$ cat model.txt   # compact mmCIF, C-alpha atoms and all ligand atoms
# COMPACT_ATOMS: atom_id res chain seq x y z
CA MET A 161 132.72 46.98 -90.92
CA THR A 162 129.20 46.95 -89.54
CA GLN A 163 127.75 50.34 -88.84
CA GLN A 164 126.74 50.97 -85.21
CA LYS A 165 123.43 52.52 -84.45
CA CYS A 166 123.08 55.47 -82.10
CA ASN A 167 122.70 54.35 -78.49
CA ASN A 168 119.69 56.58 -77.98
CA ALA A 169 116.64 54.31 -78.00
CA ASN A 170 114.55 56.68 -80.08
CA CYS A 171 117.21 57.41 -82.66
CA ASP A 172 117.81 55.69 -85.97
CA SER A 173 120.99 57.50 -86.96
CA ASN A 174 124.41 55.94 -87.25
CA GLY A 175 126.51 55.94 -84.08
CA ASP A 176 129.72 57.56 -85.25
CA TYR A 177 130.81 59.08 -81.95
CA ARG A 178 131.99 57.07 -79.02
CA ALA A 179 131.45 57.69 -75.34
CA PRO A 180 132.73 55.78 -72.33
CA MET A 181 130.31 53.40 -70.63
CA SER A 182 130.60 55.11 -67.25
CA PRO A 183 133.11 57.01 -65.12
CA HIS A 184 134.16 53.64 -63.74
CA ASN A 185 134.32 51.91 -67.06
CA LEU A 186 136.29 54.20 -69.33
CA ARG A 187 137.68 51.51 -71.55
CA GLU A 188 134.42 50.29 -72.99
CA TYR A 189 132.35 52.47 -75.21
CA LYS A 190 128.92 53.13 -76.48
CA TRP A 191 128.16 54.97 -79.67
CA PHE A 192 126.01 57.96 -80.53
CA CYS A 193 125.11 60.13 -83.48
CA LEU A 194 126.38 63.72 -83.41
CA LEU A 195 123.20 65.09 -81.88
CA HIS A 196 123.14 62.56 -79.07
CA ILE A 197 126.86 62.58 -78.32
CA LYS A 198 126.46 66.29 -77.68
CA GLU A 199 123.59 65.63 -75.34
CA PHE A 200 125.53 62.86 -73.64
CA ASN A 201 128.60 65.06 -73.17
CA LYS A 202 126.55 67.85 -71.71
CA ASN A 203 125.12 65.54 -69.07
CA TRP A 204 128.28 63.61 -68.46
CA ASN A 205 130.08 64.81 -65.43
CA TYR A 206 133.30 63.22 -66.40
CA PHE A 207 135.46 63.64 -63.36
CA GLU A 208 132.76 63.83 -60.76
CA ASP A 209 133.99 60.89 -58.74
CA MET A 210 137.69 61.32 -59.33
CA ASN A 211 140.08 63.21 -57.13
CA ALA A 212 142.91 65.26 -58.61
CA ASP A 213 145.37 62.38 -58.37
CA GLU A 214 143.07 60.04 -60.25
CA ILE A 215 142.49 62.67 -62.92
CA GLU A 216 146.22 63.13 -63.23
CA GLU A 217 146.70 59.43 -63.74
CA PHE A 218 143.83 59.26 -66.19
CA ILE A 219 145.19 62.03 -68.39
CA GLU A 220 148.64 60.54 -68.27
CA ASN A 221 147.51 57.04 -69.21
CA ASP A 222 144.49 57.52 -71.40
CA ILE A 223 144.78 60.87 -73.08
CA ILE A 224 148.44 61.60 -73.50
CA GLY A 225 148.84 57.91 -74.08
CA HIS A 226 151.31 56.30 -71.74
CA ARG A 227 148.79 53.55 -71.77
CA LYS A 228 148.38 50.23 -70.06
CA THR A 229 150.88 49.06 -67.52
CA GLN A 230 152.76 52.28 -66.83
CA LYS A 231 152.18 53.96 -63.53
CA ILE A 232 152.84 57.64 -63.15
CA GLY A 233 156.47 58.34 -62.58
CA ALA A 234 157.49 54.85 -63.59
CA ALA A 235 158.36 56.19 -66.95
CA ASP A 236 160.45 54.21 -69.34
CA ASN A 237 159.70 57.22 -71.42
CA ASP A 238 162.65 59.34 -72.45
CA TYR A 239 160.84 62.61 -72.25
CA PHE A 240 159.84 62.10 -68.66
CA LYS A 241 163.19 60.70 -67.68
CA LYS A 242 164.85 63.78 -69.08
CA THR A 243 162.48 66.33 -67.61
CA ASN A 244 162.45 64.58 -64.26
CA LYS A 245 166.22 64.68 -64.18
CA ILE A 246 166.26 68.37 -65.00
CA ARG A 247 163.63 69.08 -62.41
CA GLU A 248 165.48 67.10 -59.80
CA ASN A 249 168.58 69.14 -60.42
CA ILE A 250 166.64 72.33 -60.00
CA PHE A 251 165.13 71.10 -56.77
CA ASN A 252 168.45 69.97 -55.40
CA SER A 253 169.91 73.37 -56.04
CA PHE A 254 167.24 74.78 -53.77
CA ASP A 255 167.85 72.36 -50.92
CA ASP A 256 170.32 74.50 -49.03
CA ALA A 257 168.26 77.61 -49.40
CA GLU A 258 165.25 75.74 -48.09
CA ASN A 259 166.93 75.07 -44.81
CA SER A 260 167.51 78.72 -44.18
CA GLU A 261 164.89 81.32 -43.34
CA PHE A 262 164.59 82.19 -46.99
CA ARG A 263 162.39 79.65 -48.75
CA PRO A 264 162.37 80.40 -52.45
CA ILE A 265 161.06 76.98 -53.41
CA LEU A 266 157.49 78.14 -53.88
CA PHE A 267 158.42 81.27 -55.70
CA ASP A 268 160.79 80.24 -58.45
CA SER A 269 159.96 80.78 -62.10
CA ASP A 270 159.05 77.13 -62.72
CA TYR A 271 156.42 77.40 -60.08
CA ILE A 272 155.10 80.76 -61.25
CA ASN A 273 154.91 79.54 -64.85
CA ALA A 274 153.11 76.43 -63.74
CA LEU A 275 150.59 78.50 -61.79
CA ALA A 276 150.06 80.67 -64.84
CA GLU A 277 149.36 77.58 -66.90
CA LEU A 278 146.51 76.82 -64.50
CA ASN A 279 145.25 80.41 -64.64
CA ILE A 280 146.17 81.09 -61.04
CA ASP A 281 147.70 84.45 -60.29
CA ASP A 282 148.04 84.17 -56.53
CA LYS A 283 151.37 82.54 -55.75
CA LYS A 284 150.37 81.89 -52.16
CA THR A 285 147.34 79.90 -53.18
CA SER A 286 146.64 76.59 -51.42
CA LEU A 287 147.13 73.13 -52.85
CA GLU A 288 143.38 72.54 -52.49
CA ILE A 289 142.63 75.48 -54.75
CA ILE A 290 145.25 74.34 -57.20
CA LYS A 291 143.70 70.87 -57.31
CA SER A 292 140.23 72.18 -57.91
CA LYS A 293 141.48 74.57 -60.60
CA PHE A 294 143.27 71.68 -62.24
CA LYS A 295 140.05 69.68 -62.17
CA ASP A 296 138.08 72.53 -63.74
CA ILE A 297 140.50 73.07 -66.59
CA VAL A 298 140.78 69.40 -67.34
CA LYS A 299 137.02 69.14 -67.48
CA GLN A 300 136.87 71.89 -70.08
CA LEU A 301 139.66 70.41 -72.14
CA HIS A 302 138.82 66.75 -71.99
CA PRO A 303 138.51 65.41 -75.54
CA ASP A 304 135.20 63.76 -74.82
CA THR A 305 133.67 67.03 -73.75
CA ALA A 306 135.61 69.47 -75.91
CA GLY A 307 135.83 67.42 -79.08
CA HIS A 308 138.94 65.67 -80.26
CA LYS A 309 141.01 68.71 -80.98
CA GLU A 310 144.75 68.40 -81.17
CA GLU A 311 145.18 71.78 -79.51
CA ASN A 312 143.15 70.63 -76.52
CA ILE A 313 145.36 67.61 -76.07
CA GLU A 314 148.43 69.83 -76.27
CA LYS A 315 146.94 72.15 -73.69
CA LEU A 316 146.07 69.17 -71.47
CA LYS A 317 149.67 68.02 -71.60
CA LYS A 318 150.85 71.44 -70.50
CA VAL A 319 148.27 71.66 -67.75
CA LEU A 320 149.20 68.24 -66.45
CA GLU A 321 152.87 69.07 -66.54
CA ALA A 322 152.21 72.31 -64.67
CA TYR A 323 150.08 70.55 -62.11
CA LYS A 324 152.79 67.99 -61.46
CA ILE A 325 155.41 70.69 -61.03
CA ILE A 326 153.28 72.47 -58.46
CA LYS A 327 152.30 69.30 -56.63
CA SER A 328 155.83 68.00 -56.33
CA LYS A 329 156.97 71.33 -54.97
CA TYR A 330 154.29 71.25 -52.34
CA GLU A 331 155.19 67.69 -51.45
CA ARG A 332 158.85 68.47 -51.13
CA ASN A 333 158.12 71.50 -49.06
CA LYS A 334 155.78 69.55 -46.78
CA SER A 335 158.34 66.84 -46.11
CA LYS A 336 160.90 69.30 -44.81
ZN ZN A 401 121.16 59.65 -82.10
$ encode --input "model.txt" --output "C-alpha cells"
Amino acid sequence: MTQQKCNNANCDSNGDYRAPMSPHNLREYKWFCLLHIKEFNKNWNYFEDMNADEIEEFIENDIIGHRKTQKIGAADNDYFKKTNKIRENIFNSFDDAENSEFRPILFDSDYINALAELNIDDKKTSLEIIKSKFKDIVKQLHPDTAGHKEENIEKLKKVLEAYKIIKSKYERNKSK
C-alpha cells in the first residue's frame, strides 16, 4: 500500500488521518498527519450547512452505519423495526388521552428521558431549541472532530435515538 502524504502543502509527514473533502462531499477524503488533522478539525465547521434533519440522516447513514440505499425509517433493520413497533404501541396507548383536555404525550417518561439525553431540563422547551441542542451535541461528538472513540459513537446513537423520540412526539402532537 502506498503511503499518502499529508495534504498540507508545507508538510512532509505521512497522511494517516482522513478528512472529508467538504461538507457537500463527505464520501471522498483527503489525508493529513496528526498535527494537520487537528488543525483541519478545529477549522472544520462540520454541520454548518446542514439542518437538524440532514444531520439526523447523516448520523444514521454514515456514522451508525445504515449505509447506502437506506432512507431513515425505511429500516429493514431488526432493531429499528422492533423499537418502532414498541414506540408505536406506546403512542397508540396515548391516543385517547390526547383527545381529552389532558395531554400527557409530551410529558411521559420516554420524552423526559430523551430530553435528558440531550441535556435539556425544561420539558416545555420548543422544538427549535431541541434541534439546535441536538446539533450542538452532535458537533461535539462527531468522530471527525472528537476522534474515533467507540464511546462517542455509542453516545451519538443514544442522542440520535432521543432526538427521534422527541421529534416524532412533536410531529404527532402537531398533526392532532
Ligand atoms: Zn501535516
$ atom_distance --input "model.txt" --atom1 "CA of Gly175 in chain A" --atom2 "CA of Leu301 in chain A"
22.9 Å
$ atom_distance --input "model.txt" --atom1 "CA of Lys317 in chain A" --atom2 "CA of Pro180 in chain A"
20.9 Å
$ residues_around --input "model.txt" --residues "Val319 in chain A" --least-positions-apart "2" --cutoff "12 Å" --atoms "all atoms listed in the file" --output "JSON list (two decimals) with C-alpha atoms, keeping the file's coordinate frame"
[["chain", "number", "residue", "atom", "x", "y", "z"],
["A", 215, "ILE", "CA", 142.49, 62.67, -62.92],
["A", 216, "GLU", "CA", 146.22, 63.13, -63.23],
["A", 219, "ILE", "CA", 145.19, 62.03, -68.39],
["A", 220, "GLU", "CA", 148.64, 60.54, -68.27],
["A", 224, "ILE", "CA", 148.44, 61.60, -73.50],
["A", 273, "ASN", "CA", 154.91, 79.54, -64.85],
["A", 274, "ALA", "CA", 153.11, 76.43, -63.74],
["A", 275, "LEU", "CA", 150.59, 78.50, -61.79],
["A", 276, "ALA", "CA", 150.06, 80.67, -64.84],
["A", 277, "GLU", "CA", 149.36, 77.58, -66.90],
["A", 278, "LEU", "CA", 146.51, 76.82, -64.50],
["A", 279, "ASN", "CA", 145.25, 80.41, -64.64],
["A", 280, "ILE", "CA", 146.17, 81.09, -61.04],
["A", 290, "ILE", "CA", 145.25, 74.34, -57.20],
["A", 291, "LYS", "CA", 143.70, 70.87, -57.31],
["A", 293, "LYS", "CA", 141.48, 74.57, -60.60],
["A", 294, "PHE", "CA", 143.27, 71.68, -62.24],
["A", 295, "LYS", "CA", 140.05, 69.68, -62.17],
["A", 296, "ASP", "CA", 138.08, 72.53, -63.74],
["A", 297, "ILE", "CA", 140.50, 73.07, -66.59],
["A", 298, "VAL", "CA", 140.78, 69.40, -67.34],
["A", 299, "LYS", "CA", 137.02, 69.14, -67.48],
["A", 300, "GLN", "CA", 136.87, 71.89, -70.08],
["A", 301, "LEU", "CA", 139.66, 70.41, -72.14],
["A", 302, "HIS", "CA", 138.82, 66.75, -71.99],
["A", 312, "ASN", "CA", 143.15, 70.63, -76.52],
["A", 313, "ILE", "CA", 145.36, 67.61, -76.07],
["A", 314, "GLU", "CA", 148.43, 69.83, -76.27],
["A", 315, "LYS", "CA", 146.94, 72.15, -73.69],
["A", 316, "LEU", "CA", 146.07, 69.17, -71.47],
["A", 317, "LYS", "CA", 149.67, 68.02, -71.60],
["A", 321, "GLU", "CA", 152.87, 69.07, -66.54],
["A", 322, "ALA", "CA", 152.21, 72.31, -64.67],
["A", 323, "TYR", "CA", 150.08, 70.55, -62.11],
["A", 324, "LYS", "CA", 152.79, 67.99, -61.46],
["A", 325, "ILE", "CA", 155.41, 70.69, -61.03],
["A", 326, "ILE", "CA", 153.28, 72.47, -58.46]]
$ closest_atom_pairs --input "model.txt" --of "chain A" --to "ligand ZN 401 (chain A)" --cutoff "10 Å" --atoms "only C-alpha atoms and all ligand atoms" --output "JSON lines"
{"residue": "A:Lys165", "atom": "CA", "partner": "A:ZN401", "partner_atom": "ZN", "distance": 7.8}
{"residue": "A:Cys166", "atom": "CA", "partner": "A:ZN401", "partner_atom": "ZN", "distance": 4.6}
{"residue": "A:Asn167", "atom": "CA", "partner": "A:ZN401", "partner_atom": "ZN", "distance": 6.6}
{"residue": "A:Asn168", "atom": "CA", "partner": "A:ZN401", "partner_atom": "ZN", "distance": 5.3}
{"residue": "A:Ala169", "atom": "CA", "partner": "A:ZN401", "partner_atom": "ZN", "distance": 8.1}
{"residue": "A:Asn170", "atom": "CA", "partner": "A:ZN401", "partner_atom": "ZN", "distance": 7.5}
{"residue": "A:Cys171", "atom": "CA", "partner": "A:ZN401", "partner_atom": "ZN", "distance": 4.6}
{"residue": "A:Asp172", "atom": "CA", "partner": "A:ZN401", "partner_atom": "ZN", "distance": 6.5}
{"residue": "A:Ser173", "atom": "CA", "partner": "A:ZN401", "partner_atom": "ZN", "distance": 5.3}
{"residue": "A:Asn174", "atom": "CA", "partner": "A:ZN401", "partner_atom": "ZN", "distance": 7.1}
{"residue": "A:Gly175", "atom": "CA", "partner": "A:ZN401", "partner_atom": "ZN", "distance": 6.8}
{"residue": "A:Asp176", "atom": "CA", "partner": "A:ZN401", "partner_atom": "ZN", "distance": 9.4}
{"residue": "A:Tyr177", "atom": "CA", "partner": "A:ZN401", "partner_atom": "ZN", "distance": 9.7}
{"residue": "A:Trp191", "atom": "CA", "partner": "A:ZN401", "partner_atom": "ZN", "distance": 8.8}
{"residue": "A:Phe192", "atom": "CA", "partner": "A:ZN401", "partner_atom": "ZN", "distance": 5.4}
{"residue": "A:Cys193", "atom": "CA", "partner": "A:ZN401", "partner_atom": "ZN", "distance": 4.2}
{"residue": "A:Leu194", "atom": "CA", "partner": "A:ZN401", "partner_atom": "ZN", "distance": 6.7}
{"residue": "A:Leu195", "atom": "CA", "partner": "A:ZN401", "partner_atom": "ZN", "distance": 5.8}
{"residue": "A:His196", "atom": "CA", "partner": "A:ZN401", "partner_atom": "ZN", "distance": 4.6}
{"residue": "A:Ile197", "atom": "CA", "partner": "A:ZN401", "partner_atom": "ZN", "distance": 7.4}
{"residue": "A:Lys198", "atom": "CA", "partner": "A:ZN401", "partner_atom": "ZN", "distance": 9.6}
{"residue": "A:Glu199", "atom": "CA", "partner": "A:ZN401", "partner_atom": "ZN", "distance": 9.3}
$ atom_distance --input "model.txt" --atom1 "CA of Asn201 in chain A" --atom2 "CA of Glu311 in chain A"
19.0 Å
$ axis_aligned_box --input "model.txt" --around "range 288-291 of chain A" --padding-each-side "3 Å" --output "AutoDock Vina command-line options"
--center_x 143.9 --center_y 73.2 --center_z -54.9 --size_x 8.6 --size_y 10.6 --size_z 10.8
$ closest_residue --input "model.txt" --among "A:Tyr189, A:Met181, A:Lys329, A:Glu214" --to "Leu287 in chain A" --atoms "all atoms listed in the file"
A:Lys329
